[in-house]
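Peer 1: Okay, handing you the structure first.
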Amino acid sequence: MHPTYLGLQVDWPLFVKMPLNADGKLWKVGDHFNWLERGIDADKVASLYVTNYLHHNKELEVQSKVGDRLSEFSSKKLDTLVSLLNVIVKDRTSSASEYNVKKCRKSKIDDKQRGLIRRFLNNNAWITEDFYRIRDEILG
C-alpha cells in the first residue's frame, strides 16, 4: 500500500478509487487514470487525489503493467537491468571518467537499487526508451 505521508507522486501511476467523470469519460474503480497522456491539469488531479477519488496502488500497477514496474524485479533481474543500462551508457560516453559520472550506481539492497535506478532515469531522460525495452525483455 502507498504510504499516505508521501501524498500524490506525479510520476507514479494513479488509479480510480471511487467512480468519477473526467475528461469526457466515466472512470470505474481500478481503472488506470492516465492523466498525463490525456493532458488533464495537475491541479485537478491533485484535487481528485486529496478527495480520495484517486490513489496509488502497487498491486494495480503490477496487474495493469504500468509504471516503471521495478517492484516486479528480483535482485538478479535488478542487477541485469543495471548492467545492461550501463553498457548503453558506456557506448555513449567518450571517457572512463565520464562513464563513472553518468553510470547507474549499484546496490545489494533491492529497495535502494530501485531508488538508484529511478534517480538515474530522472537524471538521464535520453535512456528512457532503452530502459522500457530492456525492462520488457527482462520481464518477458
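So you can find residues: chains in the C-alpha cells are A, B, ... in the order shown, residues in each start at 1, and ligands are numbered from 1 in order.
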Looking only at the backbone, which of the residues in stretch 50-101 of chain A does DSSP tag as alpha helix (DSSP H), as a ChimeraX atom specification?
Peer 2: /A:50,58-64,75-92,96-101
Peer 1: Find the residues around stretch 126-133 of chain A up to 9 Å (only C-alpha atoms counted), leave out those fewer than 3 positions away in its own chain, and share them as a PyMOL selection string.
Peer 2: chain A and resi 68+81+84-85+88-89+121-123+136-138
Peer 1: With a distance cut-off of 12 Å and only C-alpha atoms, select the neighbouring residues of A:Gly115, excluding the residue or stretch itself and same-chain residues fewer than 2 positions from it, and output the selection as JSON, numbers by chain.
Peer 2: {"A": [68, 70, 71, 78, 82, 104, 105, 106, 107, 109, 110, 111, 112, 113, 117, 118, 119, 120, 121, 122]}
Peer 1: Would you put the residues from that selection into a file with C-alpha atoms, as a short mmCIF file (atom, residue, chain, number, x, y, z; two decimals), in the first residue's frame?
Peer 2:
data_model
loop_
_atom_site.label_atom_id
_atom_site.label_comp_id
_atom_site.auth_asym_id
_atom_site.auth_seq_id
_atom_site.Cartn_x
_atom_site.Cartn_y
_atom_site.Cartn_z
CA ASP A 68 8.34 1.55 -14.02
CA LEU A 70 10.65 -2.17 -10.76
CA SER A 71 8.73 -3.74 -7.87
CA LEU A 78 17.71 -5.66 -10.99
CA VAL A 82 21.59 -2.04 -14.31
CA CYS A 104 23.72 3.83 -12.89
CA ARG A 105 25.03 3.00 -9.42
CA LYS A 106 24.61 -0.47 -7.90
CA SER A 107 23.43 -1.65 -4.51
CA ILE A 109 19.74 -3.78 -1.19
CA ASP A 110 16.77 -4.19 -3.56
CA ASP A 111 14.79 -1.12 -2.45
CA LYS A 112 17.89 1.05 -2.59
CA GLN A 113 18.69 -0.32 -6.06
CA ILE A 117 17.55 3.25 -10.97
CA ARG A 118 14.72 5.80 -10.63
CA ARG A 119 17.19 8.59 -9.86
CA PHE A 120 19.33 7.53 -12.83
CA LEU A 121 16.28 7.60 -15.14
CA ASN A 122 15.17 11.02 -13.84
#
Peer 1: Of the residues A:Trp35, A:Asp91, A:Leu116, A:Val101, which is the one nearest to A:Tyr49, using only C-alpha atoms?
Peer 2: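 Answer, going by the shortest atom-to-atom distance: A:Trp35.
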Peer 1: My list of candidates is A:Gly24, A:Gly30, A:Gly67, A:Gly140. Which is closest to A:His55 when distances are computed with only C-alpha atoms?
Peer 2: A:Gly30
Peer 1: List every residue of chain A that DSSP, applied to the backbone of this structure, assigns to strand (DSSP E or B), and report them as a short mmCIF file (atom, residue, chain, number, x, y, z; two decimals) with C-alpha atoms, in the first residue's frame.
Peer 2:
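Saved the output as part.cif:
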data_model
loop_
_atom_site.label_atom_id
_atom_site.label_comp_id
_atom_site.auth_asym_id
_atom_site.auth_seq_id
_atom_site.Cartn_x
_atom_site.Cartn_y
_atom_site.Cartn_z
CA PHE A 15 -5.85 4.55 -10.16
CA VAL A 16 -9.52 5.31 -9.61
CA LEU A 20 -15.88 9.60 -11.45
CA ASN A 21 -16.47 11.51 -14.67
CA ALA A 22 -13.37 13.23 -16.03
CA LYS A 25 -15.07 9.51 -19.72
CA LEU A 26 -16.73 7.54 -16.94
CA TRP A 27 -13.93 6.01 -14.87
CA HIS A 32 -5.61 3.39 -14.60
CA LEU A 54 -7.65 8.67 -7.00
CA HIS A 55 -4.86 6.75 -5.29
#
Peer 1: Please identify all polymer residues within 12 Å of A:Gly7, counting only C-alpha atoms, omitting same-chain residues fewer than 3 positions from it, and present them as a tab-separated table (two decimals) with N, CA and C atoms, in the first residue's frame.
Peer 2:
chain	number	residue	atom	x	y	z
A	2	HIS	N	0.43	2.28	-0.63
A	2	HIS	CA	1.16	3.55	-0.72
A	2	HIS	C	1.08	4.28	0.62
A	3	PRO	N	2.22	4.66	1.20
A	3	PRO	CA	2.18	5.40	2.47
A	3	PRO	C	1.51	6.76	2.28
A	4	THR	N	0.53	7.06	3.11
A	4	THR	CA	-0.23	8.31	2.96
A	4	THR	C	0.63	9.54	3.21
A	10	VAL	N	3.50	12.66	-8.68
A	10	VAL	CA	3.07	12.87	-10.06
A	10	VAL	C	3.71	11.91	-11.06
A	11	ASP	N	4.82	11.30	-10.70
A	11	ASP	CA	5.46	10.37	-11.62
A	11	ASP	C	5.11	8.91	-11.35
A	12	TRP	N	4.16	8.68	-10.42
A	12	TRP	CA	3.67	7.33	-10.15
A	12	TRP	C	2.28	7.20	-10.77
A	14	LEU	N	-1.62	6.55	-11.24
A	14	LEU	CA	-2.80	6.76	-10.39
A	14	LEU	C	-3.92	5.84	-10.85
A	46	ALA	N	-4.59	16.69	-8.50
A	46	ALA	CA	-4.27	16.80	-7.08
A	46	ALA	C	-5.55	16.90	-6.25
A	47	SER	N	-6.52	17.65	-6.74
A	47	SER	CA	-7.79	17.78	-6.04
A	47	SER	C	-8.51	16.43	-5.96
A	49	TYR	N	-7.09	13.55	-6.01
A	49	TYR	CA	-6.30	12.70	-5.12
A	49	TYR	C	-6.61	13.03	-3.66
A	50	VAL	N	-6.63	14.30	-3.34
A	50	VAL	CA	-6.88	14.73	-1.96
A	50	VAL	C	-8.28	14.33	-1.49
A	51	THR	N	-9.24	14.32	-2.41
A	51	THR	CA	-10.62	13.96	-2.05
A	51	THR	C	-10.87	12.45	-2.19
A	52	ASN	N	-9.80	11.68	-2.32
A	52	ASN	CA	-9.85	10.20	-2.35
A	52	ASN	C	-10.56	9.60	-3.56
A	54	LEU	N	-8.81	9.32	-6.37
A	54	LEU	CA	-7.65	8.67	-7.00
A	54	LEU	C	-6.67	8.23	-5.92
A	55	HIS	N	-5.89	7.20	-6.23
A	55	HIS	CA	-4.86	6.75	-5.29
A	55	HIS	C	-3.76	6.01	-6.04
A	56	HIS	N	-2.65	5.82	-5.35
A	56	HIS	CA	-1.56	5.00	-5.87
A	56	HIS	C	-1.79	3.58	-5.35
Peer 1: Expressed in Å to a single decimal, how great is the separation between atom CA of A:Ile134 and atom CA of A:Leu8?
Peer 2: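 Going from atom CA of A:Ile134 over to atom CA of A:Leu8 covers 27.8 Å.
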Peer 1: Could you tell me how far atom CA of A:Ala125 sits from atom CA of A:Phe33, in Å to one decimal place?
Peer 2: 22.9 Å
Peer 1: At a cut-off of 10 Å, using only C-alpha atoms, what residues contact A:Asn100? Leave out same-chain residues fewer than 6 positions from it and give the result as a list in words.
Peer 2: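 That gives Asn86, Val89, Lys90 and Thr93 of chain A.
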Peer 1: Check the smallest atom-to-atom distance from each of A:Leu139, A:Val66, A:Met18, A:Ala96 to A:Asn34 using only C-alpha atoms, then report the winner.
Peer 2: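 Among A:Leu139, A:Val66, A:Met18, A:Ala96, it is A:Val66 that comes nearest to A:Asn34.
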